[in-house]
Amino acid sequence: MKRIAVVPGDGIGKEVIDAALEVLNTLNLPFKYEWGEAGDAVKEKIGVALPEETLQLCRESDAVLFGAVGETAADVIIKLRMELQTFANLRPAKSFKGVKALYDSVDIVIVRENTECLYKGLEFEVTEGVTESIRVITKEASERIARYAFELAKREGRKRVTALHKANVMRKTCALFRDVCRAVAKDYPEIQFNDYYIDAACMYMVMDPWRFDVIVTTNMFGDIVSDLAAGLVGGLGLAPSGNIGEENAIFEPVHGSAPDIAGKGIANPSAAILSATMMLKHFGYLNEAEKIEKALADTIAEGKTTPDLGGNLKTMGMVEEIQKRLKGEA
Ligand code: ATP
C-alpha cells in the first residue's frame with residue numbers, strides 16, 4: 001500500500017486535484033490518501049502557510065500529490081521541494097492531437113535542478129536601493145542532476161541530452177554546471193550530448209523544437225524554459241511535473257492557483273491528471289499510467305475539453321469523459 005499525501009492548496013489546486021483523484025479512483029490502485037493543508041488560506045487562518053503536520057505527512061509519504069498555492073508559493077512548494085530534497089524537477093512538454101498549438105509533434109523532457117541556484121533564497125538588501133541575490137551552484141548537485149538526465153534518457157529510450165547555461169557571463173557558476181555535464185556525458189557514449197547558451201536555446205525552442213529531447217539545466221533557467229516549452233504545446237493546462245528525490249517525490253501541475261478562474265469549475269484538469277500518471281510511473285504502474293494518458297489524449301482529440309482548450313465542458317465534465325474512455329464506454 002502506497003501512502004499518498006494529498007495537498008490541494010488554493011484556488012484551482014483543489015479543483016484539479018479532486019479531478020485527478022476521481023480519475024485515479026476509476027482504477028483499482030493500492031493507495032492510501034492522507035490530506036494535508038497548505039497555502040494562502042491556511043496562512044490566513046493560522047499564520048503559517050506550511051503547517052508542521054503537513055510537512056511531516058509529506059515526509060512520511062511515498063509521494064505527495066500537490067495542487068497549487070498562490071502568494072505563499074515560496075513558503076510552501078519551494079520549501080517542500082527543499083525540505084524533501086527532491087533534487088530533480090521533471091517537466092515533460094508533449095503535443096496533444098486536437099490542441100491548437102504552435103507545433104503538433106513536440107516531445108521534450110526538461111530536467112531542472114531543484115535544490116540550489118537563485119532559489120536558495122539568499123537575498124539581501126545591502127543598503128537602501130541596493131539588493132543582492134546569491135546564486136549557488138555546486139559540483140555535487142550538478143553531477144547528480146546531470147546523471148539523472150542521462151539515466152532518464154536511457155530509461156525512456158531518448159537519444160540526446162542538451163545542457164543549458166550561460167557560461168560566457170556566469171563564468172564560475174554556469175561554467176561549473178556546463179563542465180560537470182560535459183564530464184558526465186562521457187559516461188554515456190550511447191546518448192548524444194550538446195550544450196547551448198540559454199538565450200540561443202530559447203530561440204531554437206521556438207523555431208526548431210525538434211533539436212531537443214532531454215534538457216538539463218539549473219533551477220531558474222529550468223523554470224523559465226519549462227513554461228516556454230508548455231507554451232509550445234498548448235499552455236499550462238497541459239503541463240505536469242514531478243519532483244524526485246532519494247526518499248520522497250512530489251507530483252504537481254506546473255500551473256498556479258489561477259485566481260482568475262478559481263471557483264468556476266472550468267479549470268483544465270489535464271496537468272494534474274498527467275502529474276498523477278507521472279506518479280503512477282514512478283511507482284512502476286506503467287500500464288495504468290498509459291491507460292489514463294490514452295483516455296485523456298482521446299478525450300482531448302475529440303474536443304471534449306474545458307474552455308482553455310476550446311471546448312465547453314467543466315472540469316468534472318472532462319473527468320467523466322476520461323472515465324468513460326477508461327471503462328470502454330466511449
Ligand atoms: P499564481 O499566483 O497561483 O501563480 P497565476 O494566475 O499568476 O496564479 P497561473 O495559475 O499559473 O498563474 O495561471 C496563469 C494563467 O493560465 C491564468 O490566466 C490562468 O487562468 C491560466 N491557467 C492556469 N492553469 C489553468 C488550468 N488548469 N486551466 C485553465 N487555465 C489555466
# chains A, B, ... in the order shown; residues from 1 in each chain; ligands from 1

call {"tool": "residues_around", "arguments": {"residues": "Asn243 (chain A)", "least_positions_apart": "2", "cutoff": "10 Å", "atoms": "only C-alpha atoms", "output": "list in words"}}
result
Ala63, Val64, Leu80, Arg81, Leu84, Gln85, Thr86, Phe87, Ala88, Asn89, Leu90, Arg91, Val111, Arg112, Glu113, Asn114, Ser241, Gly245, Asn248, Ala249, Ile250, Phe251, Glu252 and Met279 of chain A

call {"tool": "residues_near_ligand", "arguments": {"ligand": "ligand 1", "cutoff": "8 Å", "atoms": "only C-alpha atoms and all ligand atoms", "output": "PyMOL selection string"}}
result
chain A and resi 10-12+16+68-71+73+235-238+253-262+266-272+306-308

call {"tool": "closest_residue", "arguments": {"among": "A:Ala101, A:Ile17, A:Phe283, A:Thr217", "to": "Pro30 (chain A)", "atoms": "only C-alpha atoms"}}
result
A:Phe283

call {"tool": "closest_residue", "arguments": {"among": "A:Gly67, A:Tyr148, A:Ala297, A:Leu24", "to": "Glu246 (chain A)", "atoms": "only C-alpha atoms"}}
result
A:Tyr148

call {"tool": "residues_around", "arguments": {"residues": "region 169-185 of chain A", "least_positions_apart": "2", "cutoff": "6 Å", "atoms": "only C-alpha atoms", "output": "mmCIF file with N, CA and C atoms, in the first residue's frame"}}
result
data_model
loop_
_atom_site.group_PDB
_atom_site.id
_atom_site.type_symbol
_atom_site.label_atom_id
_atom_site.label_comp_id
_atom_site.auth_asym_id
_atom_site.auth_seq_id
_atom_site.Cartn_x
_atom_site.Cartn_y
_atom_site.Cartn_z
ATOM 1 N N ILE A 137 25.761 27.223 -7.076
ATOM 2 C CA ILE A 137 25.835 26.041 -7.949
ATOM 3 C C ILE A 137 26.990 25.189 -7.433
ATOM 4 N N SER A 142 25.166 19.457 -9.391
ATOM 5 C CA SER A 142 25.185 19.473 -10.857
ATOM 6 C C SER A 142 25.410 18.062 -11.393
ATOM 7 N N GLU A 143 26.301 17.333 -10.732
ATOM 8 C CA GLU A 143 26.578 15.976 -11.185
ATOM 9 C C GLU A 143 25.359 15.073 -10.979
ATOM 10 N N ALA A 146 22.805 15.938 -13.661
ATOM 11 C CA ALA A 146 23.256 15.521 -14.997
ATOM 12 C C ALA A 146 23.096 14.009 -15.140
ATOM 13 N N HIS A 165 22.886 26.724 -20.260
ATOM 14 C CA HIS A 165 23.635 27.519 -19.273
ATOM 15 C C HIS A 165 23.933 28.884 -19.871
ATOM 16 N N LYS A 166 24.671 29.688 -19.152
ATOM 17 C CA LYS A 166 25.114 30.983 -19.673
ATOM 18 C C LYS A 166 26.560 31.182 -19.179
ATOM 19 N N ALA A 167 27.409 30.229 -19.585
ATOM 20 C CA ALA A 167 28.767 30.178 -19.031
ATOM 21 C C ALA A 167 29.660 31.310 -19.526
ATOM 22 N N ASP A 187 30.366 9.386 -19.712
ATOM 23 C CA ASP A 187 29.978 8.055 -19.205
ATOM 24 C C ASP A 187 28.802 7.465 -19.978
ATOM 25 N N TYR A 188 28.212 8.237 -20.889
ATOM 26 C CA TYR A 188 27.035 7.767 -21.639
ATOM 27 C C TYR A 188 27.271 7.943 -23.141
#

call {"tool": "atom_distance", "arguments": {"atom1": "CA of Lys45 (chain A)", "atom2": "CA of Val76 (chain A)"}}
result
15.1 Å

call {"tool": "select_by_dssp", "arguments": {"residues": "region 64-301 of chain A", "states": "strand (DSSP E)", "output": "count of residues only"}}
result
54

call {"tool": "residues_around", "arguments": {"residues": "Asp62 (chain A)", "least_positions_apart": "5", "cutoff": "7 Å", "atoms": "only C-alpha atoms", "output": "PyMOL selection string"}}
result
chain A and resi 2-4+248

call {"tool": "closest_residue", "arguments": {"among": "A:Ala295, A:Met278, A:Gly234, A:Thr218", "to": "Glu329 (chain A)", "atoms": "only C-alpha atoms"}}
result
A:Ala295

call {"tool": "atom_distance", "arguments": {"atom1": "CA of Thr138 (chain A)", "atom2": "CA of Ala229 (chain A)"}}
result
26.1 Å

call {"tool": "atom_distance", "arguments": {"atom1": "CA of Ile322 (chain A)", "atom2": "CA of Thr277 (chain A)"}}
result
13.3 Å

call {"tool": "closest_residue", "arguments": {"among": "A:Ile273, A:Ile215, A:Ala93, A:Met316", "to": "Ala163 (chain A)", "atoms": "only C-alpha atoms"}}
result
A:Ile215

call {"tool": "decode", "arguments": {"residues": "region 143-159 of chain A", "atoms": "all heavy atoms", "output": "PDB file, in the first residue's frame"}}
result
ATOM      1  N   GLU A 143      26.301  17.333 -10.732  1.00  0.00           N
ATOM      2  CA  GLU A 143      26.578  15.976 -11.185  1.00  0.00           C
ATOM      3  C   GLU A 143      25.359  15.073 -10.979  1.00  0.00           C
ATOM      4  O   GLU A 143      25.001  14.279 -11.846  1.00  0.00           O
ATOM      5  CB  GLU A 143      27.786  15.427 -10.424  1.00  0.00           C
ATOM      6  CG  GLU A 143      28.270  14.143 -11.048  1.00  0.00           C
ATOM      7  CD  GLU A 143      29.610  13.685 -10.498  1.00  0.00           C
ATOM      8  OE1 GLU A 143      30.417  14.522 -10.043  1.00  0.00           O
ATOM      9  OE2 GLU A 143      29.823  12.466 -10.536  1.00  0.00           O
ATOM     10  N   ARG A 144      24.697  15.271  -9.830  1.00  0.00           N
ATOM     11  CA  ARG A 144      23.505  14.457  -9.526  1.00  0.00           C
ATOM     12  C   ARG A 144      22.421  14.680 -10.576  1.00  0.00           C
ATOM     13  O   ARG A 144      21.823  13.734 -11.085  1.00  0.00           O
ATOM     14  CB  ARG A 144      23.014  14.856  -8.127  1.00  0.00           C
ATOM     15  CG  ARG A 144      21.871  14.072  -7.590  1.00  0.00           C
ATOM     16  CD  ARG A 144      21.606  14.375  -6.125  1.00  0.00           C
ATOM     17  NE  ARG A 144      21.302  15.788  -5.885  1.00  0.00           N
ATOM     18  CZ  ARG A 144      20.925  16.287  -4.710  1.00  0.00           C
ATOM     19  NH1 ARG A 144      20.815  15.497  -3.659  1.00  0.00           N
ATOM     20  NH2 ARG A 144      20.665  17.566  -4.566  1.00  0.00           N
ATOM     21  N   ILE A 145      22.203  15.932 -10.959  1.00  0.00           N
ATOM     22  CA  ILE A 145      21.117  16.211 -11.914  1.00  0.00           C
ATOM     23  C   ILE A 145      21.519  15.776 -13.323  1.00  0.00           C
ATOM     24  O   ILE A 145      20.692  15.278 -14.093  1.00  0.00           O
ATOM     25  CB  ILE A 145      20.677  17.699 -11.873  1.00  0.00           C
ATOM     26  CG1 ILE A 145      19.271  17.857 -12.458  1.00  0.00           C
ATOM     27  CG2 ILE A 145      21.630  18.633 -12.575  1.00  0.00           C
ATOM     28  CD1 ILE A 145      18.190  17.282 -11.645  1.00  0.00           C
ATOM     29  N   ALA A 146      22.805  15.938 -13.661  1.00  0.00           N
ATOM     30  CA  ALA A 146      23.256  15.521 -14.997  1.00  0.00           C
ATOM     31  C   ALA A 146      23.096  14.009 -15.140  1.00  0.00           C
ATOM     32  O   ALA A 146      22.557  13.526 -16.136  1.00  0.00           O
ATOM     33  CB  ALA A 146      24.709  15.940 -15.205  1.00  0.00           C
ATOM     34  N   ARG A 147      23.519  13.274 -14.112  1.00  0.00           N
ATOM     35  CA  ARG A 147      23.372  11.808 -14.168  1.00  0.00           C
ATOM     36  C   ARG A 147      21.899  11.421 -14.270  1.00  0.00           C
ATOM     37  O   ARG A 147      21.533  10.512 -15.005  1.00  0.00           O
ATOM     38  CB  ARG A 147      23.956  11.160 -12.909  1.00  0.00           C
ATOM     39  CG  ARG A 147      25.373  10.858 -13.074  1.00  0.00           C
ATOM     40  CD  ARG A 147      26.026   9.934 -12.097  1.00  0.00           C
ATOM     41  NE  ARG A 147      27.439  10.240 -12.205  1.00  0.00           N
ATOM     42  CZ  ARG A 147      28.209   9.877 -13.218  1.00  0.00           C
ATOM     43  NH1 ARG A 147      27.722   9.118 -14.191  1.00  0.00           N
ATOM     44  NH2 ARG A 147      29.475  10.239 -13.281  1.00  0.00           N
ATOM     45  N   TYR A 148      21.066  12.124 -13.512  1.00  0.00           N
ATOM     46  CA  TYR A 148      19.627  11.833 -13.550  1.00  0.00           C
ATOM     47  C   TYR A 148      19.099  12.000 -14.979  1.00  0.00           C
ATOM     48  O   TYR A 148      18.337  11.168 -15.477  1.00  0.00           O
ATOM     49  CB  TYR A 148      18.862  12.743 -12.583  1.00  0.00           C
ATOM     50  CG  TYR A 148      17.445  12.285 -12.405  1.00  0.00           C
ATOM     51  CD1 TYR A 148      17.108  11.410 -11.376  1.00  0.00           C
ATOM     52  CD2 TYR A 148      16.457  12.661 -13.314  1.00  0.00           C
ATOM     53  CE1 TYR A 148      15.816  10.936 -11.257  1.00  0.00           C
ATOM     54  CE2 TYR A 148      15.165  12.181 -13.194  1.00  0.00           C
ATOM     55  CZ  TYR A 148      14.848  11.324 -12.159  1.00  0.00           C
ATOM     56  OH  TYR A 148      13.572  10.846 -12.047  1.00  0.00           O
ATOM     57  N   ALA A 149      19.539  13.071 -15.648  1.00  0.00           N
ATOM     58  CA  ALA A 149      19.061  13.344 -17.013  1.00  0.00           C
ATOM     59  C   ALA A 149      19.506  12.232 -17.968  1.00  0.00           C
ATOM     60  O   ALA A 149      18.717  11.760 -18.806  1.00  0.00           O
ATOM     61  CB  ALA A 149      19.581  14.702 -17.482  1.00  0.00           C
ATOM     62  N   PHE A 150      20.753  11.803 -17.855  1.00  0.00           N
ATOM     63  CA  PHE A 150      21.230  10.734 -18.749  1.00  0.00           C
ATOM     64  C   PHE A 150      20.544   9.408 -18.446  1.00  0.00           C
ATOM     65  O   PHE A 150      20.196   8.658 -19.362  1.00  0.00           O
ATOM     66  CB  PHE A 150      22.760  10.599 -18.645  1.00  0.00           C
ATOM     67  CG  PHE A 150      23.479  11.622 -19.485  1.00  0.00           C
ATOM     68  CD1 PHE A 150      23.963  12.787 -18.923  1.00  0.00           C
ATOM     69  CD2 PHE A 150      23.640  11.432 -20.853  1.00  0.00           C
ATOM     70  CE1 PHE A 150      24.603  13.746 -19.688  1.00  0.00           C
ATOM     71  CE2 PHE A 150      24.284  12.386 -21.632  1.00  0.00           C
ATOM     72  CZ  PHE A 150      24.770  13.544 -21.056  1.00  0.00           C
ATOM     73  N   GLU A 151      20.351   9.121 -17.167  1.00  0.00           N
ATOM     74  CA  GLU A 151      19.667   7.870 -16.810  1.00  0.00           C
ATOM     75  C   GLU A 151      18.232   7.888 -17.338  1.00  0.00           C
ATOM     76  O   GLU A 151      17.719   6.883 -17.807  1.00  0.00           O
ATOM     77  CB  GLU A 151      19.669   7.665 -15.287  1.00  0.00           C
ATOM     78  CG  GLU A 151      21.035   7.275 -14.730  1.00  0.00           C
ATOM     79  CD  GLU A 151      21.526   5.912 -15.218  1.00  0.00           C
ATOM     80  OE1 GLU A 151      20.698   5.032 -15.458  1.00  0.00           O
ATOM     81  OE2 GLU A 151      22.758   5.757 -15.373  1.00  0.00           O
ATOM     82  N   LEU A 152      17.579   9.051 -17.247  1.00  0.00           N
ATOM     83  CA  LEU A 152      16.210   9.179 -17.762  1.00  0.00           C
ATOM     84  C   LEU A 152      16.201   8.946 -19.276  1.00  0.00           C
ATOM     85  O   LEU A 152      15.354   8.222 -19.802  1.00  0.00           O
ATOM     86  CB  LEU A 152      15.650  10.559 -17.424  1.00  0.00           C
ATOM     87  CG  LEU A 152      14.242  10.860 -17.909  1.00  0.00           C
ATOM     88  CD1 LEU A 152      13.475  11.640 -16.861  1.00  0.00           C
ATOM     89  CD2 LEU A 152      14.208  11.634 -19.212  1.00  0.00           C
ATOM     90  N   ALA A 153      17.185   9.541 -19.957  1.00  0.00           N
ATOM     91  CA  ALA A 153      17.269   9.359 -21.416  1.00  0.00           C
ATOM     92  C   ALA A 153      17.413   7.875 -21.744  1.00  0.00           C
ATOM     93  O   ALA A 153      16.729   7.346 -22.637  1.00  0.00           O
ATOM     94  CB  ALA A 153      18.444  10.171 -21.964  1.00  0.00           C
ATOM     95  N   LYS A 154      18.268   7.188 -20.989  1.00  0.00           N
ATOM     96  CA  LYS A 154      18.500   5.757 -21.221  1.00  0.00           C
ATOM     97  C   LYS A 154      17.214   4.965 -20.991  1.00  0.00           C
ATOM     98  O   LYS A 154      16.796   4.166 -21.827  1.00  0.00           O
ATOM     99  CB  LYS A 154      19.553   5.277 -20.211  1.00  0.00           C
ATOM    100  CG  LYS A 154      20.682   4.510 -20.845  1.00  0.00           C
ATOM    101  CD  LYS A 154      21.845   4.365 -19.903  1.00  0.00           C
ATOM    102  CE  LYS A 154      21.746   3.115 -19.076  1.00  0.00           C
ATOM    103  NZ  LYS A 154      23.004   2.886 -18.304  1.00  0.00           N
ATOM    104  N   ARG A 155      16.577   5.252 -19.856  1.00  0.00           N
ATOM    105  CA  ARG A 155      15.355   4.527 -19.460  1.00  0.00           C
ATOM    106  C   ARG A 155      14.229   4.728 -20.462  1.00  0.00           C
ATOM    107  O   ARG A 155      13.497   3.809 -20.785  1.00  0.00           O
ATOM    108  CB  ARG A 155      14.941   5.073 -18.085  1.00  0.00           C
ATOM    109  CG  ARG A 155      13.980   4.243 -17.320  1.00  0.00           C
ATOM    110  CD  ARG A 155      13.845   4.711 -15.876  1.00  0.00           C
ATOM    111  NE  ARG A 155      13.391   6.080 -15.706  1.00  0.00           N
ATOM    112  CZ  ARG A 155      14.063   7.011 -15.054  1.00  0.00           C
ATOM    113  NH1 ARG A 155      15.240   6.733 -14.520  1.00  0.00           N
ATOM    114  NH2 ARG A 155      13.583   8.229 -14.917  1.00  0.00           N
ATOM    115  N   GLU A 156      14.096   5.949 -20.962  1.00  0.00           N
ATOM    116  CA  GLU A 156      12.966   6.253 -21.852  1.00  0.00           C
ATOM    117  C   GLU A 156      13.338   6.100 -23.321  1.00  0.00           C
ATOM    118  O   GLU A 156      12.563   6.484 -24.195  1.00  0.00           O
ATOM    119  CB  GLU A 156      12.461   7.678 -21.581  1.00  0.00           C
ATOM    120  CG  GLU A 156      11.876   7.811 -20.189  1.00  0.00           C
ATOM    121  CD  GLU A 156      11.037   9.073 -20.005  1.00  0.00           C
ATOM    122  OE1 GLU A 156      10.920   9.865 -20.963  1.00  0.00           O
ATOM    123  OE2 GLU A 156      10.518   9.241 -18.896  1.00  0.00           O
ATOM    124  N   GLY A 157      14.535   5.589 -23.603  1.00  0.00           N
ATOM    125  CA  GLY A 157      14.952   5.395 -24.995  1.00  0.00           C
ATOM    126  C   GLY A 157      15.109   6.712 -25.745  1.00  0.00           C
ATOM    127  O   GLY A 157      14.900   6.783 -26.954  1.00  0.00           O
ATOM    128  N   ARG A 158      15.481   7.749 -25.046  1.00  0.00           N
ATOM    129  CA  ARG A 158      15.686   9.056 -25.687  1.00  0.00           C
ATOM    130  C   ARG A 158      17.129   9.158 -26.155  1.00  0.00           C
ATOM    131  O   ARG A 158      18.017   8.500 -25.619  1.00  0.00           O
ATOM    132  CB  ARG A 158      15.311  10.187 -24.729  1.00  0.00           C
ATOM    133  CG  ARG A 158      13.810  10.215 -24.476  1.00  0.00           C
ATOM    134  CD  ARG A 158      13.418  11.259 -23.479  1.00  0.00           C
ATOM    135  NE  ARG A 158      11.984  11.293 -23.283  1.00  0.00           N
ATOM    136  CZ  ARG A 158      11.154  12.065 -23.974  1.00  0.00           C
ATOM    137  NH1 ARG A 158      11.603  12.868 -24.914  1.00  0.00           N
ATOM    138  NH2 ARG A 158       9.860  12.028 -23.742  1.00  0.00           N
ATOM    139  N   LYS A 159      17.332  10.017 -27.196  1.00  0.00           N
ATOM    140  CA  LYS A 159      18.613   9.955 -27.889  1.00  0.00           C
ATOM    141  C   LYS A 159      19.610  11.031 -27.493  1.00  0.00           C
ATOM    142  O   LYS A 159      20.805  10.881 -27.661  1.00  0.00           O
ATOM    143  CB  LYS A 159      18.360  10.074 -29.397  1.00  0.00           C
ATOM    144  CG  LYS A 159      17.547   8.904 -29.908  1.00  0.00           C
ATOM    145  CD  LYS A 159      17.597   8.772 -31.398  1.00  0.00           C
ATOM    146  CE  LYS A 159      17.146   7.396 -31.862  1.00  0.00           C
ATOM    147  NZ  LYS A 159      16.030   6.831 -31.095  1.00  0.00           N
TER     148      LYS A 159
END
